Amino acid sequence: MFENLSADIVRAQHRKAECDALESLLKSALENPLFYPAANQWMFPGDSLAIVLQSNLVQASKVVESFLAFIGELKIDSDDVVFVISSQMADQFGITDQQLEQSESEVANGMPPAQIRVDVGGQEVSFQVHDPANTHGLAYLAANEAGDPVHINRLLADADVVVPIGCPTAGDQQRHDCLYPDFGSAERLKQFKSGSGSIAQREQEIELANDNLGTFFSVEIVTEPGGQIAGVFAGARRDVFEQSKQLADQLWTVKFIPDRQTVLATIEEPSRGQTWDDFTDAVISAAHISNGSGPIAIWTAIDQPADRNTRKALMAQFDDSVSTKLSVRQRSLASIVSERPIFLKSELSQSQTEELGLGYIESESAVESMLAKYDSGVLLRDAHRCRIDQPQTTSK
């Protein structure tokens with residue numbers, strides 16, 4: 001992609017050497033885990049396995065196929081395995097809204113979300129889409145420091161073995177955990193998203209949930225910009241988090257590049273739904289990668305209309321004020337679009353794009369032609385996940 005960019009466009013990230021296939025990397029990690037017995041010493045035929053997939057997991061279908069191939073070597077029946085996912089990931093496995101709907105009688109009778117059979121790589125396996133609002137699908141674990149109940153998906157509490165599989169995000173420790181609060185209650189999830197309490201309190205609650213559930217083992221799959229697998233870690237949860245986070249920070253932390261006029265920022269991770277939150281993060285990263293004032297082009301596959309708050313942030317360029325009800329990230333977006341033009345490639349029509357106050361990009365050649373008009377620029381791949389290492393400023 002973008003092989004015909006001008007020589008004056010600097011590529012912010014450098015590609016790593018090609019890694020082994022995901023299946024062999026996962027197999028090696030499970031057979032040689034960090035500070036933990038090999039998987040064949042605690043995964044046995046007849047045990048019920050619950051595999052938790054973090055919402056931002058890249059190449060999720062390939063991860064499932066690779067895991068099924070591994071447990072097949074251990075003679076574990078795929079019928080004893082359930083993959084627990086969030087609603088954001090349901091469409092990646094072809095699970096429809098109709099399959100997620102529960103009848104009034106099911107809700108009245110206290111039924112948790114149903115298990116849904118899905119064909120993955122020629123095998124039929126069970127999935128449960130976690131519904132944090134369905135209290136019948138939750139199990140009580142403990143009380144946090146404030147005395148609030150900590151709940152977790154009931155299927156995870158009932159399984160013999162739980163394996164969380166995540167994908168670390170550079171510079172964001174809270175989102176690094178696979179299990180909690182994403183697979184807890186709607187109330188606690190809302191509190192976490194609003195930033196209620198201190199970071200230390202939230203981290204303590206994450207530890208409380210994991211420790212009470214007994215999830216001391218974890219798998220982390222690290223990707224590089226563009227979605228290629230860069231490494232797989234498995235073993236004792238804290239050690240896996242530390243090592244995978246170090247690699248993720250190395251791959252996704254990008255140095256400030258001064259004096260570049262324009263930026264082309266992409267969102268291109270495969271097997272993943274793209275959101276307007278991703279767009280917001282990409283714009284912020286693009287604005288921070290250099291000190292230029294030229295246009296920012298955002299290359300995406302977004303196919304949904306902008307949500308209400310993103311629309312408000314974009315419309316702020318035509319207003320004198322920014323709503324205080326917007327999040328910090330959305331206020332940053334509003335500030336950026338007020339200062340420099342933003343162009344968007346998406347699955348939206350030209351009229352839908354321009355209604356948001358954004359320039360319309362039709363094709364790869366169109367964005368290449370636009371960037372060629374400027375003396376210098378930056379290509380920032382998967383900008384929504386990047387952390388920009390900006391130079392320290394000193395006061396005189």
# chains A, B, ... in the order shown; residues from 1 in each chain; ligands from 1
call {"tool": "residues_around", "arguments": {"residues": "region 277-293 of chain A", "least_positions_apart": "3", "cutoff": "10 Å", "atoms": "only C-alpha atoms", "output": "VMD selection string"}}
result
chain A and resid 12 254 to 267 273 to 274 296 to 300 302 306 to 307 310 313 to 314 329 to 337 339 to 342 344 376 to 390
call {"tool": "write_last_selection", "arguments": {"atoms": "C-alpha atoms", "output": "JSON list (two decimals), in the first residue's frame"}}
result
[["chain", "number", "residue", "atom", "x", "y", "z"],
["A", 12, "ALA", "CA", 7.40, 6.79, 10.54],
["A", 254, "VAL", "CA", 6.96, 6.51, 17.26],
["A", 255, "LYS", "CA", 9.45, 9.35, 17.51],
["A", 256, "PHE", "CA", 8.45, 12.93, 16.70],
["A", 257, "ILE", "CA", 9.54, 13.93, 13.19],
["A", 258, "PRO", "CA", 9.96, 17.73, 12.97],
["A", 259, "ASP", "CA", 9.10, 20.06, 10.12],
["A", 260, "ARG", "CA", 6.90, 17.79, 7.98],
["A", 261, "GLN", "CA", 4.02, 19.63, 6.32],
["A", 262, "THR", "CA", 1.46, 16.86, 5.88],
["A", 263, "VAL", "CA", 0.56, 13.49, 7.42],
["A", 264, "LEU", "CA", -1.06, 10.37, 5.94],
["A", 265, "ALA", "CA", -2.35, 8.24, 8.83],
["A", 266, "THR", "CA", -3.86, 4.79, 8.28],
["A", 267, "ILE", "CA", -6.13, 2.41, 10.15],
["A", 273, "GLY", "CA", -14.04, -3.47, 12.90],
["A", 274, "GLN", "CA", -12.98, 0.16, 12.61],
["A", 296, "ILE", "CA", -3.99, 15.37, 7.54],
["A", 297, "ALA", "CA", -5.30, 12.46, 5.46],
["A", 298, "ILE", "CA", -6.89, 9.54, 7.37],
["A", 299, "TRP", "CA", -7.13, 6.23, 5.45],
["A", 300, "THR", "CA", -9.77, 3.89, 6.92],
["A", 302, "ILE", "CA", -15.05, 2.90, 8.42],
["A", 306, "ALA", "CA", -20.26, 9.15, 12.80],
["A", 307, "ASP", "CA", -21.65, 8.87, 16.32],
["A", 310, "THR", "CA", -17.72, 12.67, 17.13],
["A", 313, "ALA", "CA", -16.43, 17.49, 17.77],
["A", 314, "LEU", "CA", -16.07, 17.77, 13.98],
["A", 329, "ARG", "CA", -10.05, 12.99, 23.24],
["A", 330, "GLN", "CA", -13.03, 14.48, 21.39],
["A", 331, "ARG", "CA", -12.13, 17.99, 22.53],
["A", 332, "SER", "CA", -8.63, 17.37, 21.17],
["A", 333, "LEU", "CA", -10.21, 16.32, 17.86],
["A", 334, "ALA", "CA", -12.30, 19.50, 17.82],
["A", 335, "SER", "CA", -9.19, 21.61, 18.38],
["A", 336, "ILE", "CA", -7.24, 19.88, 15.59],
["A", 337, "VAL", "CA", -9.98, 20.13, 12.93],
["A", 339, "GLU", "CA", -6.65, 24.38, 12.98],
["A", 340, "ARG", "CA", -5.91, 22.22, 9.92],
["A", 341, "PRO", "CA", -7.89, 20.46, 7.15],
["A", 342, "ILE", "CA", -8.70, 16.76, 7.62],
["A", 344, "LEU", "CA", -10.96, 11.00, 5.04],
["A", 376, "SER", "CA", 7.35, 16.98, 2.91],
["A", 377, "GLY", "CA", 5.15, 14.59, 4.84],
["A", 378, "VAL", "CA", 4.86, 11.54, 7.10],
["A", 379, "LEU", "CA", 3.19, 8.13, 6.63],
["A", 380, "LEU", "CA", 1.98, 6.85, 10.02],
["A", 381, "ARG", "CA", 0.53, 3.32, 9.81],
["A", 382, "ASP", "CA", -2.23, 2.20, 12.20],
["A", 383, "ALA", "CA", -2.03, 5.61, 13.79],
["A", 384, "HIS", "CA", -4.94, 4.88, 16.16],
["A", 385, "ARG", "CA", -2.71, 2.55, 18.19],
["A", 386, "CYS", "CA", 0.52, 4.56, 18.09],
["A", 387, "ARG", "CA", 2.05, 6.43, 20.98],
["A", 388, "ILE", "CA", 3.98, 9.51, 19.88],
["A", 389, "ASP", "CA", 7.25, 10.17, 21.71],
["A", 390, "GLN", "CA", 7.23, 13.95, 21.60]]
call {"tool": "residues_around", "arguments": {"residues": "Phe216 (chain A)", "least_positions_apart": "2", "cutoff": "12 Å", "atoms": "only C-alpha atoms", "output": "PDB file with N, CA and C atoms, in the first residue's frame"}}
result
ATOM      1  N   LEU A  34       6.340 -18.781  29.967  1.00  0.00           N
ATOM      2  CA  LEU A  34       7.185 -18.051  30.906  1.00  0.00           C
ATOM      3  C   LEU A  34       6.763 -18.371  32.336  1.00  0.00           C
ATOM      4  N   PHE A  35       7.686 -18.958  33.105  1.00  0.00           N
ATOM      5  CA  PHE A  35       7.478 -19.196  34.535  1.00  0.00           C
ATOM      6  C   PHE A  35       6.152 -19.900  34.838  1.00  0.00           C
ATOM      7  N   TYR A  36       5.835 -20.891  34.018  1.00  0.00           N
ATOM      8  CA  TYR A  36       4.573 -21.621  34.172  1.00  0.00           C
ATOM      9  C   TYR A  36       4.758 -22.998  33.521  1.00  0.00           C
ATOM     10  N   PRO A  37       4.093 -24.037  34.047  1.00  0.00           N
ATOM     11  CA  PRO A  37       4.197 -25.351  33.410  1.00  0.00           C
ATOM     12  C   PRO A  37       3.655 -25.333  31.980  1.00  0.00           C
ATOM     13  N   VAL A 161     -10.865 -24.543  33.177  1.00  0.00           N
ATOM     14  CA  VAL A 161      -9.667 -23.820  32.761  1.00  0.00           C
ATOM     15  C   VAL A 161     -10.086 -22.559  31.999  1.00  0.00           C
ATOM     16  N   VAL A 162      -9.486 -21.420  32.358  1.00  0.00           N
ATOM     17  CA  VAL A 162      -9.733 -20.154  31.659  1.00  0.00           C
ATOM     18  C   VAL A 162      -8.412 -19.667  31.072  1.00  0.00           C
ATOM     19  N   VAL A 163      -8.417 -19.365  29.768  1.00  0.00           N
ATOM     20  CA  VAL A 163      -7.222 -18.837  29.106  1.00  0.00           C
ATOM     21  C   VAL A 163      -7.570 -17.501  28.451  1.00  0.00           C
ATOM     22  N   PRO A 164      -7.106 -16.386  29.008  1.00  0.00           N
ATOM     23  CA  PRO A 164      -7.313 -15.089  28.344  1.00  0.00           C
ATOM     24  C   PRO A 164      -6.283 -14.889  27.242  1.00  0.00           C
ATOM     25  N   LEU A 179      -9.315  -9.540  30.733  1.00  0.00           N
ATOM     26  CA  LEU A 179     -10.472 -10.088  31.425  1.00  0.00           C
ATOM     27  C   LEU A 179     -11.429  -9.045  31.986  1.00  0.00           C
ATOM     28  N   GLU A 207      -6.685  -6.694  39.344  1.00  0.00           N
ATOM     29  CA  GLU A 207      -5.950  -7.778  39.999  1.00  0.00           C
ATOM     30  C   GLU A 207      -6.891  -8.636  40.839  1.00  0.00           C
ATOM     31  N   LEU A 208      -7.811  -7.989  41.545  1.00  0.00           N
ATOM     32  CA  LEU A 208      -8.772  -8.703  42.393  1.00  0.00           C
ATOM     33  C   LEU A 208      -9.614  -9.668  41.565  1.00  0.00           C
ATOM     34  N   ALA A 209     -10.095  -9.209  40.413  1.00  0.00           N
ATOM     35  CA  ALA A 209     -10.928 -10.054  39.559  1.00  0.00           C
ATOM     36  C   ALA A 209     -10.131 -11.240  39.033  1.00  0.00           C
ATOM     37  N   ASN A 210      -8.933 -10.975  38.531  1.00  0.00           N
ATOM     38  CA  ASN A 210      -8.110 -12.054  37.988  1.00  0.00           C
ATOM     39  C   ASN A 210      -7.714 -13.062  39.058  1.00  0.00           C
ATOM     40  N   ASP A 211      -7.283 -12.567  40.220  1.00  0.00           N
ATOM     41  CA  ASP A 211      -6.814 -13.467  41.269  1.00  0.00           C
ATOM     42  C   ASP A 211      -7.942 -14.315  41.834  1.00  0.00           C
ATOM     43  N   ASN A 212      -9.121 -13.728  42.014  1.00  0.00           N
ATOM     44  CA  ASN A 212     -10.247 -14.493  42.555  1.00  0.00           C
ATOM     45  C   ASN A 212     -10.778 -15.506  41.554  1.00  0.00           C
ATOM     46  N   LEU A 213     -10.625 -15.209  40.269  1.00  0.00           N
ATOM     47  CA  LEU A 213     -11.035 -16.170  39.254  1.00  0.00           C
ATOM     48  C   LEU A 213      -9.964 -17.246  39.061  1.00  0.00           C
ATOM     49  N   GLY A 214      -8.748 -16.944  39.505  1.00  0.00           N
ATOM     50  CA  GLY A 214      -7.659 -17.911  39.360  1.00  0.00           C
ATOM     51  C   GLY A 214      -6.993 -17.877  38.005  1.00  0.00           C
ATOM     52  N   SER A 218      -1.783 -16.383  31.069  1.00  0.00           N
ATOM     53  CA  SER A 218      -2.324 -15.522  30.015  1.00  0.00           C
ATOM     54  C   SER A 218      -1.525 -15.693  28.733  1.00  0.00           C
ATOM     55  N   VAL A 219      -2.153 -15.353  27.611  1.00  0.00           N
ATOM     56  CA  VAL A 219      -1.501 -15.339  26.306  1.00  0.00           C
ATOM     57  C   VAL A 219      -1.624 -13.921  25.747  1.00  0.00           C
ATOM     58  N   ALA A 234       3.245 -16.453  26.291  1.00  0.00           N
ATOM     59  CA  ALA A 234       2.322 -17.191  27.146  1.00  0.00           C
ATOM     60  C   ALA A 234       3.036 -17.531  28.441  1.00  0.00           C
ATOM     61  N   GLY A 235       2.242 -17.661  29.520  1.00  0.00           N
ATOM     62  CA  GLY A 235       2.834 -18.024  30.795  1.00  0.00           C
ATOM     63  C   GLY A 235       2.218 -17.270  31.945  1.00  0.00           C
ATOM     64  N   ALA A 236       2.995 -17.100  33.015  1.00  0.00           N
ATOM     65  CA  ALA A 236       2.511 -16.394  34.205  1.00  0.00           C
ATOM     66  C   ALA A 236       2.073 -14.986  33.818  1.00  0.00           C
ATOM     67  N   ARG A 237       0.884 -14.638  34.238  1.00  0.00           N
ATOM     68  CA  ARG A 237       0.215 -13.439  33.727  1.00  0.00           C
ATOM     69  C   ARG A 237       1.060 -12.172  33.844  1.00  0.00           C
ATOM     70  N   ARG A 238       1.618 -11.904  35.003  1.00  0.00           N
ATOM     71  CA  ARG A 238       2.357 -10.655  35.186  1.00  0.00           C
ATOM     72  C   ARG A 238       3.620 -10.621  34.315  1.00  0.00           C
ATOM     73  N   ASP A 239       4.301 -11.758  34.192  1.00  0.00           N
ATOM     74  CA  ASP A 239       5.511 -11.809  33.368  1.00  0.00           C
ATOM     75  C   ASP A 239       5.180 -11.656  31.887  1.00  0.00           C
ATOM     76  N   VAL A 240       4.079 -12.284  31.460  1.00  0.00           N
ATOM     77  CA  VAL A 240       3.632 -12.159  30.065  1.00  0.00           C
ATOM     78  C   VAL A 240       3.268 -10.717  29.758  1.00  0.00           C
ATOM     79  N   PHE A 241       2.538 -10.073  30.678  1.00  0.00           N
ATOM     80  CA  PHE A 241       2.161  -8.681  30.467  1.00  0.00           C
ATOM     81  C   PHE A 241       3.400  -7.807  30.333  1.00  0.00           C
TER      82      PHE A 241
END
call {"tool": "closest_residue", "arguments": {"among": "A:Ile76, A:Leu5, A:Cys178, A:Leu371", "to": "Thr215 (chain A)", "atoms": "only C-alpha atoms"}}
result
A:Cys178
call {"tool": "closest_residue", "arguments": {"among": "A:Val367, A:Ala248, A:Leu68, A:Met89", "to": "Thr169 (chain A)", "atoms": "only C-alpha atoms"}}
result
A:Ala248
call {"tool": "select_by_dssp", "arguments": {"residues": "region 140-176 of chain A", "states": "helix (DSSP H, G or I)", "output": "JSON, numbers by chain"}}
result
{"A": [154, 155, 156, 157, 158, 174, 175, 176]}
call {"tool": "residues_around", "arguments": {"residues": "Val81 (chain A)", "least_positions_apart": "4", "cutoff": "7 Å", "atoms": "only C-alpha atoms", "output": "PDB file with C-alpha atoms, in the first residue's frame"}}
result
ATOM      1  CA  SER A  48     -14.138 -27.518  30.201  1.00  0.00           C
ATOM      2  CA  LEU A  49     -12.110 -24.691  28.653  1.00  0.00           C
ATOM      3  CA  ALA A  50     -13.200 -21.063  28.395  1.00  0.00           C
ATOM      4  CA  SER A 126     -19.153 -22.666  20.653  1.00  0.00           C
TER       5      SER A 126
END
call {"tool": "residues_around", "arguments": {"residues": "His136 (chain A)", "least_positions_apart": "3", "cutoff": "10 Å", "atoms": "only C-alpha atoms", "output": "list of chain:residue names"}}
result
A:Val107, A:Asn109, A:Gly110, A:Met111, A:Pro112, A:Pro113, A:Asp131, A:Pro132, A:Ala133, A:Ala139, A:Asn153, A:Arg154
call {"tool": "residues_around", "arguments": {"residues": "Val82 (chain A)", "least_positions_apart": "5", "cutoff": "12 Å", "atoms": "only C-alpha atoms", "output": "mmCIF file with N, CA and C atoms, in the first residue's frame"}}
result
data_model
loop_
_atom_site.group_PDB
_atom_site.id
_atom_site.type_symbol
_atom_site.label_atom_id
_atom_site.label_comp_id
_atom_site.auth_asym_id
_atom_site.auth_seq_id
_atom_site.Cartn_x
_atom_site.Cartn_y
_atom_site.Cartn_z
ATOM 1 N N ASP A 47 -11.741 -31.709 30.456
ATOM 2 C CA ASP A 47 -11.894 -30.429 31.145
ATOM 3 C C ASP A 47 -12.709 -29.462 30.287
ATOM 4 N N SER A 48 -13.455 -28.585 30.937
ATOM 5 C CA SER A 48 -14.138 -27.518 30.201
ATOM 6 C C SER A 48 -13.208 -26.313 30.115
ATOM 7 N N LEU A 49 -13.012 -25.819 28.900
ATOM 8 C CA LEU A 49 -12.110 -24.691 28.653
ATOM 9 C C LEU A 49 -12.911 -23.471 28.213
ATOM 10 N N ALA A 50 -12.627 -22.339 28.833
ATOM 11 C CA ALA A 50 -13.200 -21.063 28.395
ATOM 12 C C ALA A 50 -12.056 -20.174 27.930
ATOM 13 N N ILE A 51 -12.099 -19.768 26.674
ATOM 14 C CA ILE A 51 -11.037 -18.952 26.082
ATOM 15 C C ILE A 51 -11.579 -17.544 25.878
ATOM 16 N N VAL A 52 -10.971 -16.583 26.550
ATOM 17 C CA VAL A 52 -11.416 -15.191 26.492
ATOM 18 C C VAL A 52 -10.623 -14.455 25.428
ATOM 19 N N LEU A 53 -11.312 -13.837 24.483
ATOM 20 C CA LEU A 53 -10.637 -13.067 23.432
ATOM 21 C C LEU A 53 -10.841 -11.579 23.690
ATOM 22 N N VAL A 64 -8.201 -18.247 16.813
ATOM 23 C CA VAL A 64 -9.080 -19.360 17.188
ATOM 24 C C VAL A 64 -8.647 -20.640 16.475
ATOM 25 N N PHE A 67 -5.451 -21.968 18.017
ATOM 26 C CA PHE A 67 -5.664 -22.556 19.340
ATOM 27 C C PHE A 67 -6.341 -23.918 19.221
ATOM 28 N N LEU A 68 -7.314 -24.032 18.325
ATOM 29 C CA LEU A 68 -7.984 -25.314 18.116
ATOM 30 C C LEU A 68 -7.009 -26.373 17.615
ATOM 31 N N ASP A 77 -11.336 -32.349 23.037
ATOM 32 C CA ASP A 77 -12.468 -32.225 22.120
ATOM 33 C C ASP A 77 -12.890 -30.768 22.019
ATOM 34 N N ALA A 114 -26.964 -17.169 25.374
ATOM 35 C CA ALA A 114 -26.838 -18.530 24.837
ATOM 36 C C ALA A 114 -25.465 -18.738 24.220
ATOM 37 N N GLN A 115 -25.068 -19.984 24.125
ATOM 38 C CA GLN A 115 -23.875 -20.333 23.357
ATOM 39 C C GLN A 115 -24.272 -20.492 21.894
ATOM 40 N N ILE A 116 -23.447 -19.940 21.012
ATOM 41 C CA ILE A 116 -23.736 -19.921 19.581
ATOM 42 C C ILE A 116 -22.674 -20.741 18.859
ATOM 43 N N ARG A 117 -23.125 -21.666 18.014
ATOM 44 C CA ARG A 117 -22.191 -22.498 17.259
ATOM 45 C C ARG A 117 -21.740 -21.754 16.001
ATOM 46 N N VAL A 118 -20.425 -21.716 15.802
ATOM 47 C CA VAL A 118 -19.831 -20.969 14.694
ATOM 48 C C VAL A 118 -18.817 -21.859 13.989
ATOM 49 N N GLU A 124 -16.848 -26.652 13.879
ATOM 50 C CA GLU A 124 -17.927 -25.964 14.591
ATOM 51 C C GLU A 124 -17.557 -25.863 16.058
ATOM 52 N N VAL A 125 -17.488 -24.635 16.553
ATOM 53 C CA VAL A 125 -17.139 -24.419 17.956
ATOM 54 C C VAL A 125 -18.136 -23.461 18.587
ATOM 55 N N SER A 126 -18.186 -23.474 19.913
ATOM 56 C CA SER A 126 -19.153 -22.666 20.653
ATOM 57 C C SER A 126 -18.565 -21.307 21.027
ATOM 58 N N PHE A 127 -19.403 -20.292 20.876
ATOM 59 C CA PHE A 127 -19.065 -18.943 21.308
ATOM 60 C C PHE A 127 -20.151 -18.455 22.261
ATOM 61 N N GLN A 128 -19.747 -17.657 23.226
ATOM 62 C CA GLN A 128 -20.717 -16.894 23.998
ATOM 63 C C GLN A 128 -20.332 -15.424 23.904
ATOM 64 N N VAL A 129 -21.283 -14.584 23.501
ATOM 65 C CA VAL A 129 -21.053 -13.144 23.419
ATOM 66 C C VAL A 129 -21.462 -12.546 24.752
ATOM 67 N N HIS A 130 -20.497 -12.027 25.476
ATOM 68 C CA HIS A 130 -20.753 -11.513 26.817
ATOM 69 C C HIS A 130 -21.692 -10.315 26.779
ATOM 70 N N LEU A 155 -19.855 -18.016 32.866
ATOM 71 C CA LEU A 155 -19.249 -19.153 32.185
ATOM 72 C C LEU A 155 -17.771 -19.266 32.549
ATOM 73 N N LEU A 156 -17.096 -18.115 32.705
ATOM 74 C CA LEU A 156 -15.690 -18.128 33.100
ATOM 75 C C LEU A 156 -15.528 -18.658 34.517
ATOM 76 N N ASP A 158 -17.411 -20.835 35.948
ATOM 77 C CA ASP A 158 -17.765 -22.255 36.010
ATOM 78 C C ASP A 158 -16.777 -23.164 35.288
ATOM 79 N N ALA A 159 -15.957 -22.625 34.388
ATOM 80 C CA ALA A 159 -15.061 -23.449 33.576
ATOM 81 C C ALA A 159 -13.931 -24.035 34.420
ATOM 82 N N ASP A 160 -13.434 -25.204 34.018
ATOM 83 C CA ASP A 160 -12.280 -25.807 34.696
ATOM 84 C C ASP A 160 -11.003 -25.023 34.414
ATOM 85 N N VAL A 161 -10.865 -24.543 33.177
ATOM 86 C CA VAL A 161 -9.667 -23.820 32.761
ATOM 87 C C VAL A 161 -10.086 -22.559 31.999
ATOM 88 N N VAL A 162 -9.486 -21.420 32.358
ATOM 89 C CA VAL A 162 -9.733 -20.154 31.659
ATOM 90 C C VAL A 162 -8.412 -19.667 31.072
ATOM 91 N N VAL A 163 -8.417 -19.365 29.768
ATOM 92 C CA VAL A 163 -7.222 -18.837 29.106
ATOM 93 C C VAL A 163 -7.570 -17.501 28.451
ATOM 94 N N PRO A 164 -7.106 -16.386 29.008
ATOM 95 C CA PRO A 164 -7.313 -15.089 28.344
ATOM 96 C C PRO A 164 -6.283 -14.889 27.242
#
call {"tool": "select_by_dssp", "arguments": {"residues": "region 266-334 of chain A", "states": "strand (DSSP E or B)", "output": "list in words"}}
result
Thr266, Ile296, Ala297, Ile298 and Trp299 of chain A
call {"tool": "write_last_selection", "arguments": {"atoms": "C-alpha atoms", "output": "mmCIF file, in the first residue's frame"}}
result
data_model
loop_
_atom_site.group_PDB
_atom_site.id
_atom_site.type_symbol
_atom_site.label_atom_id
_atom_site.label_comp_id
_atom_site.auth_asym_id
_atom_site.auth_seq_id
_atom_site.Cartn_x
_atom_site.Cartn_y
_atom_site.Cartn_z
ATOM 1 C CA THR A 266 -3.862 4.794 8.277
ATOM 2 C CA ILE A 296 -3.993 15.370 7.539
ATOM 3 C CA ALA A 297 -5.302 12.458 5.465
ATOM 4 C CA ILE A 298 -6.887 9.539 7.367
ATOM 5 C CA TRP A 299 -7.125 6.231 5.454
#
call {"tool": "closest_residue", "arguments": {"among": "A:Tyr360, A:Phe44, A:Tyr180, A:Phe83", "to": "Val63 (chain A)", "atoms": "only C-alpha atoms"}}
result
A:Phe83
